[in-house]
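Participant: Structure file final.tsv, TSV, C-alpha atoms, is pasted below:
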chain	number	residue	atom	x	y	z
A	1	MET	CA	-73.78	-2.05	63.98
A	2	ARG	CA	-72.76	1.08	62.09
A	3	MET	CA	-75.13	3.62	60.63
A	4	TYR	CA	-74.40	6.24	57.98
A	5	THR	CA	-77.01	8.77	56.87
A	6	TYR	CA	-77.21	10.57	53.53
A	7	LEU	CA	-79.67	12.99	51.97
A	8	GLY	CA	-82.56	11.59	49.95
A	9	THR	CA	-81.66	13.80	47.01
A	10	LEU	CA	-78.99	11.43	45.69
A	11	THR	CA	-79.34	9.22	42.64
A	12	LEU	CA	-79.55	5.44	42.74
A	13	GLU	CA	-75.98	5.23	41.42
A	14	GLU	CA	-74.71	7.55	44.15
A	15	ASN	CA	-76.44	5.50	46.81
A	16	GLN	CA	-74.96	2.33	45.37
A	17	GLU	CA	-71.50	3.86	45.48
A	18	ILE	CA	-72.03	5.01	49.06
A	19	ILE	CA	-72.97	1.49	50.15
A	20	ARG	CA	-70.05	-0.05	48.27
A	21	PHE	CA	-67.71	2.53	49.77
A	22	ARG	CA	-68.90	1.78	53.29
A	23	GLU	CA	-68.73	-1.96	52.69
A	24	GLY	CA	-65.16	-1.39	51.58
A	25	SER	CA	-64.32	-0.88	55.26
A	26	ALA	CA	-65.35	-4.35	56.42
A	27	LEU	CA	-69.06	-3.63	56.74
A	28	GLU	CA	-72.10	-5.34	55.27
A	29	LEU	CA	-75.41	-3.63	54.60
A	30	VAL	CA	-78.28	-5.13	56.56
A	31	ASP	CA	-81.00	-2.48	56.56
A	32	CYS	CA	-82.12	0.86	55.15
A	33	ILE	CA	-84.24	3.39	57.00
A	34	VAL	CA	-86.08	6.21	55.30
A	35	SER	CA	-86.84	9.19	57.50
A	36	THR	CA	-86.39	12.95	57.73
A	37	ASP	CA	-83.81	15.10	59.42
A	38	LYS	CA	-84.65	17.96	61.77
A	39	SER	CA	-85.26	20.25	58.81
A	40	ASN	CA	-87.69	17.76	57.28
A	41	ASN	CA	-85.34	16.79	54.49
A	42	PRO	CA	-85.75	13.17	53.46
A	43	ILE	CA	-82.80	11.03	54.40
A	44	ASN	CA	-81.63	7.45	53.98
A	45	THR	CA	-79.86	5.75	56.82
A	46	PHE	CA	-77.86	2.67	55.94
A	47	VAL	CA	-77.33	0.15	58.68
A	48	PHE	CA	-74.31	-2.14	58.44
A	49	LYS	CA	-73.05	-5.04	60.47
A	50	GLU	CA	-69.36	-5.09	61.20
A	51	LEU	CA	-67.28	-7.79	59.56
A	52	ARG	CA	-63.90	-9.02	60.68
A	53	PRO	CA	-61.15	-6.50	59.90
A	54	GLY	CA	-59.82	-7.01	56.38
A	55	GLN	CA	-63.03	-8.60	55.06
A	56	VAL	CA	-64.96	-7.01	52.19
A	57	PRO	CA	-68.30	-8.35	50.89
A	58	GLU	CA	-69.05	-8.99	47.23
A	59	ASP	CA	-70.04	-5.88	45.27
A	60	ILE	CA	-73.64	-4.87	45.87
A	61	VAL	CA	-75.85	-3.79	42.96
A	62	LEU	CA	-79.01	-1.70	43.41
A	63	VAL	CA	-81.90	-1.82	40.96
A	64	GLU	CA	-85.49	-0.70	41.13
A	65	ALA	CA	-87.79	-3.43	42.39
A	66	ASN	CA	-88.78	-6.07	39.86
A	67	ALA	CA	-86.13	-5.01	37.38
A	68	PRO	CA	-84.24	-7.98	35.90
A	69	LYS	CA	-81.42	-9.44	37.95
A	70	PRO	CA	-78.24	-7.56	37.09
A	71	GLY	CA	-75.42	-9.45	35.45
A	72	ASN	CA	-72.51	-10.62	37.59
A	73	THR	CA	-74.72	-11.04	40.63
A	74	ASN	CA	-75.76	-14.25	42.31
A	75	ALA	CA	-78.86	-13.43	44.28
A	76	LYS	CA	-81.11	-10.78	45.71
A	77	VAL	CA	-80.03	-10.08	49.27
A	78	LEU	CA	-82.46	-7.38	50.34
A	79	THR	CA	-85.51	-5.42	49.24
A	80	ASP	CA	-86.14	-2.11	50.92
A	81	VAL	CA	-87.40	1.39	50.31
A	82	LEU	CA	-85.05	4.32	49.71
A	83	VAL	CA	-85.65	7.94	48.89
A	84	ILE	CA	-83.99	8.43	45.54
A	85	GLU	CA	-83.93	11.98	44.23
A	86	LYS	CA	-86.74	12.83	46.69
A	87	GLN	CA	-88.95	9.98	45.49
A	88	PHE	CA	-89.78	6.79	47.33
A	89	LYS	CA	-88.47	3.82	45.44
A	90	THR	CA	-88.54	0.19	46.31
A	91	ILE	CA	-85.09	-1.15	45.63
A	92	ASP	CA	-83.77	-4.65	45.15
A	93	PHE	CA	-80.23	-5.24	46.35
A	94	TYR	CA	-78.22	-7.95	44.60
A	95	ARG	CA	-74.77	-9.42	45.11
B	96	MET	CA	-118.62	-25.56	78.02
B	97	LYS	CA	-114.96	-25.57	77.04
B	98	SER	CA	-115.69	-27.11	73.67
B	99	SER	CA	-118.51	-24.64	73.11
B	100	LEU	CA	-116.17	-21.73	73.84
B	101	ALA	CA	-113.48	-23.18	71.64
B	102	LEU	CA	-115.90	-23.66	68.77
B	103	ARG	CA	-117.27	-20.18	69.18
B	104	PHE	CA	-113.76	-18.72	69.28
B	105	ILE	CA	-112.66	-20.63	66.19
B	106	PHE	CA	-115.76	-19.58	64.33
B	107	VAL	CA	-115.40	-15.91	65.23
B	108	MET	CA	-111.70	-15.88	64.46
B	109	PHE	CA	-112.35	-17.61	61.14
B	110	LEU	CA	-114.97	-15.03	60.33
B	111	SER	CA	-112.64	-12.27	61.44
B	112	MET	CA	-109.81	-13.53	59.27
B	113	GLN	CA	-112.04	-14.01	56.27
B	114	ILE	CA	-113.48	-10.56	56.49
B	115	SER	CA	-110.29	-8.71	57.36
B	116	GLY	CA	-108.25	-10.52	54.76
B	117	CYS	CA	-110.66	-9.67	52.01
B	118	ALA	CA	-111.07	-6.12	53.16
B	119	LEU	CA	-107.40	-5.58	52.61
B	120	ILE	CA	-107.61	-6.74	49.05
B	121	THR	CA	-110.85	-5.87	47.37
B	122	GLY	CA	-114.42	-6.71	48.20
B	123	LYS	CA	-115.51	-9.48	50.53
B	124	PRO	CA	-117.71	-12.54	50.53
B	125	THR	CA	-121.04	-12.42	52.34
B	126	PRO	CA	-120.48	-13.40	55.97
B	127	PRO	CA	-121.90	-16.87	56.68
B	128	VAL	CA	-123.93	-15.47	59.60
B	129	ASP	CA	-125.83	-12.32	60.30
B	130	VAL	CA	-123.22	-10.59	62.42
B	131	ASP	CA	-125.56	-7.82	63.53
B	132	LYS	CA	-128.20	-10.27	64.66
B	133	ILE	CA	-125.82	-12.38	66.73
B	134	ALA	CA	-124.08	-9.37	68.18
B	135	LYS	CA	-127.38	-7.72	69.13
B	136	LYS	CA	-128.59	-10.81	71.00
B	137	THR	CA	-125.32	-11.16	72.89
B	138	GLU	CA	-125.19	-7.48	73.68
B	139	GLU	CA	-128.65	-7.63	75.26
B	140	LYS	CA	-127.48	-10.55	77.35
B	141	LEU	CA	-124.34	-8.67	78.36
B	142	GLU	CA	-126.32	-5.71	79.60
B	143	SER	CA	-127.98	-7.94	82.18
B	144	TYR	CA	-124.65	-8.84	83.77
B	145	THR	CA	-123.92	-6.83	86.89
B	146	ASN	CA	-121.60	-7.45	89.77
B	147	ASP	CA	-124.36	-8.68	92.05
B	148	LYS	CA	-125.59	-11.15	89.45
B	149	ILE	CA	-122.18	-12.70	88.87
B	150	ILE	CA	-121.76	-14.92	91.88
B	151	SER	CA	-119.53	-17.69	90.52
B	152	ALA	CA	-116.49	-18.10	88.32
B	153	LYS	CA	-118.66	-20.10	85.91
B	154	GLN	CA	-121.09	-17.20	85.48
B	155	ARG	CA	-118.24	-14.76	85.14
B	156	ASN	CA	-116.63	-16.89	82.46
B	157	GLU	CA	-119.88	-17.16	80.52
B	158	ALA	CA	-120.14	-13.38	80.63
B	159	ILE	CA	-116.54	-13.04	79.49
B	160	ASP	CA	-117.16	-15.44	76.60
B	161	ASP	CA	-120.20	-13.47	75.53
B	162	ALA	CA	-118.27	-10.23	75.67
B	163	LEU	CA	-115.38	-11.68	73.71
B	164	THR	CA	-117.80	-12.90	71.07
B	165	VAL	CA	-119.36	-9.48	70.64
B	166	ILE	CA	-116.03	-7.70	70.57
B	167	ASP	CA	-114.63	-10.16	68.01
B	168	LEU	CA	-117.71	-9.90	65.83
B	169	ARG	CA	-117.63	-6.13	65.97
B	170	TYR	CA	-113.92	-6.14	65.20
B	171	ALA	CA	-114.44	-8.39	62.20
B	172	GLN	CA	-117.22	-6.09	61.07
B	173	PHE	CA	-114.98	-3.07	61.57
B	174	LEU	CA	-112.25	-4.57	59.40
B	175	SER	CA	-114.72	-5.46	56.71
B	176	ASN	CA	-116.25	-2.02	56.71
B	177	ALA	CA	-115.38	-0.06	53.61
B	178	GLY	CA	-115.15	2.95	55.91
B	179	LEU	CA	-111.91	1.62	57.35
B	180	GLN	CA	-110.07	2.88	54.33
B	181	GLN	CA	-111.50	6.35	54.69
B	182	ARG	CA	-110.97	6.40	58.42
B	183	SER	CA	-107.34	5.47	58.09
B	184	LEU	CA	-106.87	8.17	55.50
B	185	ASP	CA	-108.60	10.67	57.76
B	186	MET	CA	-106.13	9.85	60.47
B	187	THR	CA	-103.21	11.00	58.37
B	188	SER	CA	-102.80	14.08	60.51
B	189	ASP	CA	-102.36	11.92	63.58
B	190	PHE	CA	-99.23	10.50	62.08
B	191	VAL	CA	-97.80	13.97	61.72
B	192	GLN	CA	-98.37	14.69	65.39
B	193	LEU	CA	-96.72	11.45	66.32
B	194	SER	CA	-93.45	12.62	64.82
B	195	LEU	CA	-92.41	9.17	63.78
B	196	ASN	CA	-89.30	10.39	62.07
B	197	LEU	CA	-87.13	7.53	63.10
B	198	ALA	CA	-89.70	5.05	64.19
B	199	GLY	CA	-88.30	2.73	61.59
B	200	THR	CA	-85.35	2.02	63.79
B	201	ALA	CA	-87.52	0.71	66.53
B	202	VAL	CA	-90.02	-1.61	64.96
B	203	GLY	CA	-89.37	-5.12	63.93
B	204	GLY	CA	-90.79	-5.94	60.53
B	205	ALA	CA	-89.14	-4.41	57.51
B	206	GLY	CA	-92.51	-3.63	55.98
B	207	LEU	CA	-93.85	-1.82	58.98
B	208	LYS	CA	-90.62	0.02	59.54
B	209	THR	CA	-90.59	1.25	55.99
B	210	ILE	CA	-94.18	2.35	56.22
B	211	LEU	CA	-93.58	4.34	59.36
B	212	SER	CA	-90.54	5.97	57.93
B	213	ALA	CA	-92.29	6.67	54.70
B	214	LEU	CA	-95.29	8.12	56.45
B	215	SER	CA	-93.18	10.37	58.53
B	216	ALA	CA	-91.03	11.49	55.67
B	217	GLY	CA	-94.01	11.95	53.40
B	218	ILE	CA	-96.25	13.90	55.70
B	219	SER	CA	-93.69	16.19	57.19
B	220	GLY	CA	-94.05	18.80	54.50
B	221	THR	CA	-91.29	17.65	52.21
B	222	GLU	CA	-91.67	17.46	48.48
B	223	LEU	CA	-91.64	13.71	48.52
B	224	GLY	CA	-93.77	11.98	45.98
B	225	PHE	CA	-96.25	9.82	47.78
B	226	ASN	CA	-99.96	9.55	47.48
B	227	LYS	CA	-102.94	8.36	49.38
B	228	THR	CA	-103.06	5.09	47.54
B	229	PHE	CA	-99.56	4.35	48.73
B	230	LEU	CA	-100.59	5.38	52.22
B	231	TYR	CA	-103.64	3.17	52.24
B	232	GLU	CA	-102.02	0.16	50.66
B	233	GLN	CA	-99.11	0.30	53.01
B	234	THR	CA	-100.58	1.47	56.29
B	235	VAL	CA	-103.85	-0.33	56.71
B	236	PRO	CA	-102.38	-3.84	56.63
B	237	ALA	CA	-99.69	-2.68	59.05
B	238	LEU	CA	-102.18	-1.16	61.45
B	239	VAL	CA	-104.37	-4.24	61.26
B	240	MET	CA	-101.36	-6.41	62.03
B	241	GLN	CA	-100.62	-4.22	65.05
B	242	MET	CA	-104.22	-4.40	66.22
B	243	ASN	CA	-104.25	-8.18	65.81
B	244	ALA	CA	-101.03	-8.48	67.79
B	245	ASP	CA	-102.28	-6.28	70.64
B	246	ARG	CA	-105.62	-8.07	70.71
B	247	ALA	CA	-103.96	-11.47	70.82
B	248	GLU	CA	-101.82	-10.38	73.76
B	249	LYS	CA	-104.80	-9.02	75.69
B	250	ARG	CA	-106.91	-12.10	74.88
B	251	ARG	CA	-104.17	-14.32	76.24
B	252	GLU	CA	-104.24	-12.37	79.52
B	253	ILE	CA	-108.01	-12.64	79.75
B	254	LEU	CA	-107.99	-16.37	79.09
B	255	LEU	CA	-105.37	-16.85	81.81
B	256	ASN	CA	-107.39	-14.78	84.29
B	257	ARG	CA	-110.47	-16.72	83.31
B	258	GLN	CA	-109.00	-19.73	85.09
B	259	LYS	CA	-108.92	-17.90	88.44
B	260	VAL	CA	-111.56	-18.12	91.17
B	261	LEU	CA	-114.08	-15.29	91.33
B	262	VAL	CA	-112.48	-13.41	94.23
B	263	ALA	CA	-109.12	-13.41	92.47
B	264	TYR	CA	-110.61	-12.11	89.24
B	265	THR	CA	-113.87	-10.29	89.73
B	266	TRP	CA	-116.35	-9.37	87.04
B	267	ALA	CA	-115.35	-5.73	87.48
B	268	GLU	CA	-111.74	-6.62	86.70
B	269	ALA	CA	-112.87	-8.70	83.77
B	270	VAL	CA	-114.87	-5.77	82.40
B	271	ASN	CA	-111.77	-3.62	82.64
B	272	ASP	CA	-109.75	-6.20	80.71
B	273	LEU	CA	-112.50	-6.60	78.15
B	274	THR	CA	-112.55	-2.85	77.62
B	275	GLU	CA	-108.81	-2.94	77.00
B	276	TYR	CA	-109.31	-5.87	74.64
B	277	TYR	CA	-111.85	-3.82	72.72
B	278	THR	CA	-109.51	-0.81	72.67
B	279	ALA	CA	-106.69	-2.97	71.33
B	280	GLY	CA	-108.74	-3.34	68.17
B	281	THR	CA	-108.83	0.35	67.35
B	282	LEU	CA	-106.69	2.29	64.90
B	283	GLN	CA	-105.74	4.84	67.54
B	284	ASN	CA	-104.47	2.09	69.79
B	285	ALA	CA	-102.42	0.62	66.94
B	286	ILE	CA	-100.78	4.00	66.37
B	287	ASN	CA	-100.15	4.53	70.07
B	288	SER	CA	-98.75	1.06	70.39
B	289	ILE	CA	-96.29	1.66	67.58
B	290	LYS	CA	-95.42	5.06	68.99
B	291	LYS	CA	-94.75	3.61	72.43
B	292	ARG	CA	-92.22	1.18	71.03
B	293	ALA	CA	-90.65	3.77	68.80
B	294	GLY	CA	-90.40	6.64	71.26
B	295	HIS	CA	-87.26	5.76	73.13
B	296	ASN	CA	-85.12	4.83	70.16
B	297	GLN	CA	-86.45	7.80	68.24
B	298	THR	CA	-85.10	10.28	70.78
B	299	ILE	CA	-81.68	8.70	70.80
B	300	ALA	CA	-81.52	8.37	67.05
B	301	GLU	CA	-82.62	11.93	66.35
B	302	GLU	CA	-79.94	13.31	68.61
B	303	ALA	CA	-77.25	11.15	67.10
B	304	ILE	CA	-78.15	11.78	63.49
B	305	ASN	CA	-75.41	13.10	61.26
B	306	VAL	CA	-76.23	13.56	57.61
B	307	ILE	CA	-73.04	12.96	55.65
B	308	LYS	CA	-72.47	15.36	52.78
B	309	LYS	CA	-69.32	13.81	51.31
B	310	ILE	CA	-70.20	11.47	48.46
B	311	PRO	CA	-67.57	8.86	47.55
B	312	THR	CA	-66.43	8.17	44.00
B	313	ARG	CA	-65.73	4.79	42.39
B	314	LYS	CA	-62.00	5.42	42.93
B	315	ASN	CA	-62.63	6.11	46.63
B	316	THR	CA	-64.37	2.74	46.91
B	317	THR	CA	-61.46	0.99	45.21
B	318	ASP	CA	-58.99	2.75	47.51
B	319	ILE	CA	-60.81	2.07	50.76
B	320	THR	CA	-61.26	-1.57	49.79
B	321	LYS	CA	-57.54	-1.82	49.14
B	322	LEU	CA	-56.78	-0.35	52.58
B	323	THR	CA	-59.14	-2.76	54.30
B	324	LYS	CA	-57.82	-5.83	52.49
B	325	SER	CA	-54.26	-4.79	53.24
B	326	LEU	CA	-54.98	-5.18	56.95
B	327	ASN	CA	-54.80	-8.94	56.39
B	328	GLU	CA	-51.06	-8.45	55.83
B	329	ILE	CA	-50.70	-7.71	59.53
B	330	ASN	CA	-51.13	-11.41	60.18
B	331	THR	CA	-47.97	-12.13	58.16
B	332	LEU	CA	-45.77	-9.55	59.90
B	333	ASP	CA	-42.94	-10.46	62.24
B	334	ASP	CA	-42.21	-8.59	65.49
B	335	ILE	CA	-40.15	-5.95	63.72
B	336	GLY	CA	-42.92	-5.26	61.21
B	337	LEU	CA	-45.47	-5.10	63.97
B	338	LYS	CA	-43.37	-2.68	65.99
B	339	LYS	CA	-43.16	-0.40	62.99
B	340	ILE	CA	-46.95	-0.13	62.98
B	341	LYS	CA	-47.16	0.35	66.72
B	342	ASP	CA	-44.65	3.18	66.48
B	343	GLY	CA	-46.34	4.71	63.45
B	344	VAL	CA	-50.01	4.87	64.37
B	345	GLY	CA	-49.41	7.97	66.47
B	346	SER	CA	-48.77	9.98	63.32
B	347	ILE	CA	-52.08	8.76	61.81
B	348	SER	CA	-53.78	9.94	64.98
B	349	GLN	CA	-52.31	13.42	64.49
B	350	LEU	CA	-52.92	13.69	60.75
B	351	LEU	CA	-56.51	12.45	60.94
B	352	SER	CA	-57.42	13.96	64.29
B	353	HIS	CA	-60.78	15.12	62.90
B	354	LEU	CA	-61.88	11.47	62.59
B	355	PRO	CA	-62.79	10.18	66.08
B	356	ASN	CA	-61.57	6.60	65.67
B	357	CYS	CA	-58.36	7.71	64.00
B	358	LYS	CA	-57.71	10.33	66.66
B	359	LYS	CA	-57.86	7.76	69.43
B	360	LEU	CA	-55.45	5.45	67.63
B	361	LYS	CA	-52.65	4.42	69.90
B	362	THR	CA	-51.04	1.12	70.58
B	363	GLU	CA	-49.43	-0.51	73.57
B	364	SER	CA	-46.45	-2.77	73.17
B	365	SER	CA	-48.61	-5.62	74.42
B	366	ASP	CA	-51.25	-5.14	71.72
B	367	THR	CA	-51.96	-8.22	69.63
B	368	LYS	CA	-52.22	-8.30	65.84
B	369	ASP	CA	-55.98	-8.63	66.16
B	370	GLN	CA	-56.22	-5.54	68.34
B	371	ILE	CA	-54.17	-3.51	65.90
B	372	MET	CA	-56.28	-4.69	62.97
B	373	VAL	CA	-59.48	-3.71	64.78
B	374	SER	CA	-58.16	-0.23	65.66
B	375	LEU	CA	-57.01	0.48	62.11
B	376	GLN	CA	-60.26	-0.86	60.65
B	377	GLU	CA	-62.25	1.46	62.92
B	378	CYS	CA	-60.16	4.37	61.68
B	379	ILE	CA	-60.80	3.37	58.05
B	380	ARG	CA	-64.56	3.28	58.75
B	381	ASP	CA	-64.48	6.93	59.74
B	382	ILE	CA	-63.23	8.08	56.36
B	383	GLY	CA	-65.63	10.46	54.66
B	384	SER	CA	-67.98	10.59	57.62
B	385	VAL	CA	-67.12	14.01	59.07
B	386	ASN	CA	-68.56	16.91	57.11
B	387	ASP	CA	-66.62	19.79	58.59
B	388	GLY	CA	-63.25	18.08	58.55
B	389	PRO	CA	-60.30	19.79	56.87
B	390	MET	CA	-59.81	17.02	54.28
B	391	SER	CA	-61.68	15.52	51.37
B	392	ILE	CA	-62.27	11.77	51.14
B	393	ASP	CA	-59.37	11.57	48.67
B	394	GLU	CA	-57.05	13.29	51.10
B	395	GLU	CA	-58.06	11.14	54.05
B	396	LEU	CA	-57.53	8.01	51.96
B	397	ALA	CA	-54.18	9.32	50.78
B	398	VAL	CA	-52.95	9.74	54.36
B	399	LEU	CA	-53.78	6.15	55.22
B	400	ASP	CA	-52.42	4.86	51.91
B	401	SER	CA	-49.12	6.58	52.56
B	402	LYS	CA	-48.91	5.25	56.11
B	403	PHE	CA	-49.90	1.72	55.11
B	404	ARG	CA	-47.09	1.76	52.57
B	405	GLU	CA	-44.68	2.76	55.31
B	406	PHE	CA	-45.98	-0.20	57.32
B	407	ASN	CA	-45.44	-2.49	54.32
B	408	LEU	CA	-49.11	-3.36	54.25
B	409	ILE	CA	-49.43	-2.02	50.69
B	410	ARG	CA	-46.53	-2.79	48.40
B	411	ASP	CA	-47.59	-2.09	44.80
Now that the file is in, can you turn its structure into structure tokens?

Facilitator:
Amino acid sequence: MRMYTYLGTLTLEENQEIIRFREGSALELVDCIVSTDKSNNPINTFVFKELRPGQVPEDIVLVEANAPKPGNTNAKVLTDVLVIEKQFKTIDFYR
Amino acid sequence: MKSSLALRFIFVMFLSMQISGCALITGKPTPPVDVDKIAKKTEEKLESYTNDKIISAKQRNEAIDDALTVIDLRYAQFLSNAGLQQRSLDMTSDFVQLSLNLAGTAVGGAGLKTILSALSAGISGTELGFNKTFLYEQTVPALVMQMNADRAEKRREILLNRQKVLVAYTWAEAVNDLTEYYTAGTLQNAINSIKKRAGHNQTIAEEAINVIKKIPTRKNTTDITKLTKSLNEINTLDDIGLKKIKDGVGSISQLLSHLPNCKKLKTESSDTKDQIMVSLQECIRDIGSVNDGPMSIDEELAVLDSKFREFNLIRD
């Protein structure tokens, strides 16, 4: 497992890009953890499983929960809570 | 006797589920029995049980059954009580003291994990937007689930001990277990139980936490994906091509020495293609993860891109 943590001040688009970027190195998102750092800033920790070297998953698309399924995606793969721009949001993850 | 106990247990559990389930939504149906009346009668009976009066396993078991009935009825009543909502809200400050910052890493269910994380993040004085409705809707079901789980575990223990002879499981020991069974159905116990499981992982996780400041762009994602996919080319290389990589990784190690997995890059002549692929992939995974490094994400990617071209892994 690999974990990468980012501040909860980022936009949904930035978080999506972060996940895609990390998945671009043979990782696949499996979980998100909302918490705070030592200074009480909200943070999102993304947990990835390691894929075989050279493997890259299909592009992931993040939308707010219950929004319509984005085009060019097959199915919802995860629903979890993230802190987006300091606000809790329930997010659907599609591929 | 057994069938009577079983029936009583099923009835109480049914009642418990009915009441607790409805309490978590809105309102509740009228209980099919007068809980207070039954509980009062059994409680009076329980008060008469003392060590000197329990002289057989049968008597002990009857006393245990009575106690279980009262505890279950009271638990069901507790869950159905409208005050549960207020009580759980009043306990908000307890969550702060628990410092559940990374409890989410330690608990199993996604829902519960999220709730713990959210609670911690929300109550720690940040400007996060959360409200008491969110807190109630999310926490009470989670705490009830935890209480149910702890109660089920303790009940299982009691029922196992119930099969023992009196000297192996005295009434005094049974009372102790019954007290713990009662305690398992309290909010404070649910919080402590969650905290206990979370504590160890929390310490480790808090120490290891590194908030990454570098935010990748769309181009960075395209570039890192290209690097990763190019690793598949290693499988097509002959010995000469492979040697070129083995000889060249040392320079990556020097250029990207601020990235731990790149810094430790080195190959032995005996290394297999798979081993080389794994080492290079690990190095790629470090890109953009060190805040105080001397390079931007673009620069780190450029170093690897240049080297991968030298290795003939990228040809365009």

Participant: Would you tabulate, counting only C-alpha atoms, all residues of chain A that have an atom at most 8 Å from an atom of chain B, showing the closest pair of atoms and their distance in Å to one decimal, sorted by chain then ascending number, as a Markdown table?

Facilitator:
| residue | atom | partner | partner_atom | distance |
| --- | --- | --- | --- | --- |
| A:Tyr4 | CA | B:Ile307 | CA | 7.2 |
| A:Thr5 | CA | B:Val306 | CA | 4.9 |
| A:Tyr6 | CA | B:Val306 | CA | 5.2 |
| A:Leu7 | CA | B:Val306 | CA | 6.6 |
| A:Glu14 | CA | B:Ile310 | CA | 7.4 |
| A:Glu17 | CA | B:Arg313 | CA | 6.6 |
| A:Ile18 | CA | B:Pro311 | CA | 6.1 |
| A:Arg20 | CA | B:Thr316 | CA | 6.5 |
| A:Phe21 | CA | B:Thr316 | CA | 4.4 |
| A:Arg22 | CA | B:Arg380 | CA | 7.1 |
| A:Gly24 | CA | B:Thr320 | CA | 4.3 |
| A:Ser25 | CA | B:Arg380 | CA | 5.4 |
| A:Ala26 | CA | B:Thr323 | CA | 6.8 |
| A:Ile33 | CA | B:Gly199 | CA | 6.2 |
| A:Val34 | CA | B:Ser212 | CA | 5.2 |
| A:Ser35 | CA | B:Ser212 | CA | 4.9 |
| A:Thr36 | CA | B:Ala216 | CA | 5.3 |
| A:Asp37 | CA | B:Asn196 | CA | 7.7 |
| A:Lys38 | CA | B:Glu301 | CA | 7.8 |
| A:Asn40 | CA | B:Ser219 | CA | 6.2 |
| A:Asn41 | CA | B:Thr221 | CA | 6.4 |
| A:Pro42 | CA | B:Ala216 | CA | 6.0 |
| A:Ile43 | CA | B:Val306 | CA | 7.7 |
| A:Pro53 | CA | B:Gln376 | CA | 5.8 |
| A:Gly54 | CA | B:Lys324 | CA | 4.5 |
| A:Gln55 | CA | B:Lys324 | CA | 6.4 |
| A:Val56 | CA | B:Thr320 | CA | 7.0 |
| A:Asp80 | CA | B:Thr209 | CA | 7.5 |
| A:Val81 | CA | B:Thr209 | CA | 6.5 |
| A:Lys86 | CA | B:Leu223 | CA | 5.3 |
| A:Gln87 | CA | B:Gly224 | CA | 5.2 |
| A:Phe88 | CA | B:Gly224 | CA | 6.7 |

Participant: Quick one: distance from atom CA of Leu10 of chain A to atom CA of Ala67 of chain A in Å, one decimal?

Facilitator: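 Taking atom CA of Leu10 of chain A and atom CA of Ala67 of chain A, their separation equals 19.8 Å.
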
Participant: Just give me the residues with any atom within 9 Å of (-44.2, -0.2, 60.5), file coordinates, counting all atoms listed in the file, written as a PyMOL selection string.

Facilitator: chain B and resi 335-344+402-408

Participant: Just to confirm, what's the straight-line distance from atom CA of Ala162 of chain B to atom CA of Val270 of chain B in Å (one decimal)?

Facilitator: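 Atom-to-atom, atom CA of Ala162 of chain B and atom CA of Val270 of chain B are spaced 8.8 Å apart.
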
Participant: Might you pull out every residue within 10 Å of Asn74 of chain A, with only C-alpha atoms counted and same-chain residues fewer than 2 positions away left off, and present them as number ranges by chain?

Facilitator: A: 58, 69-72, 76-77, 94-95
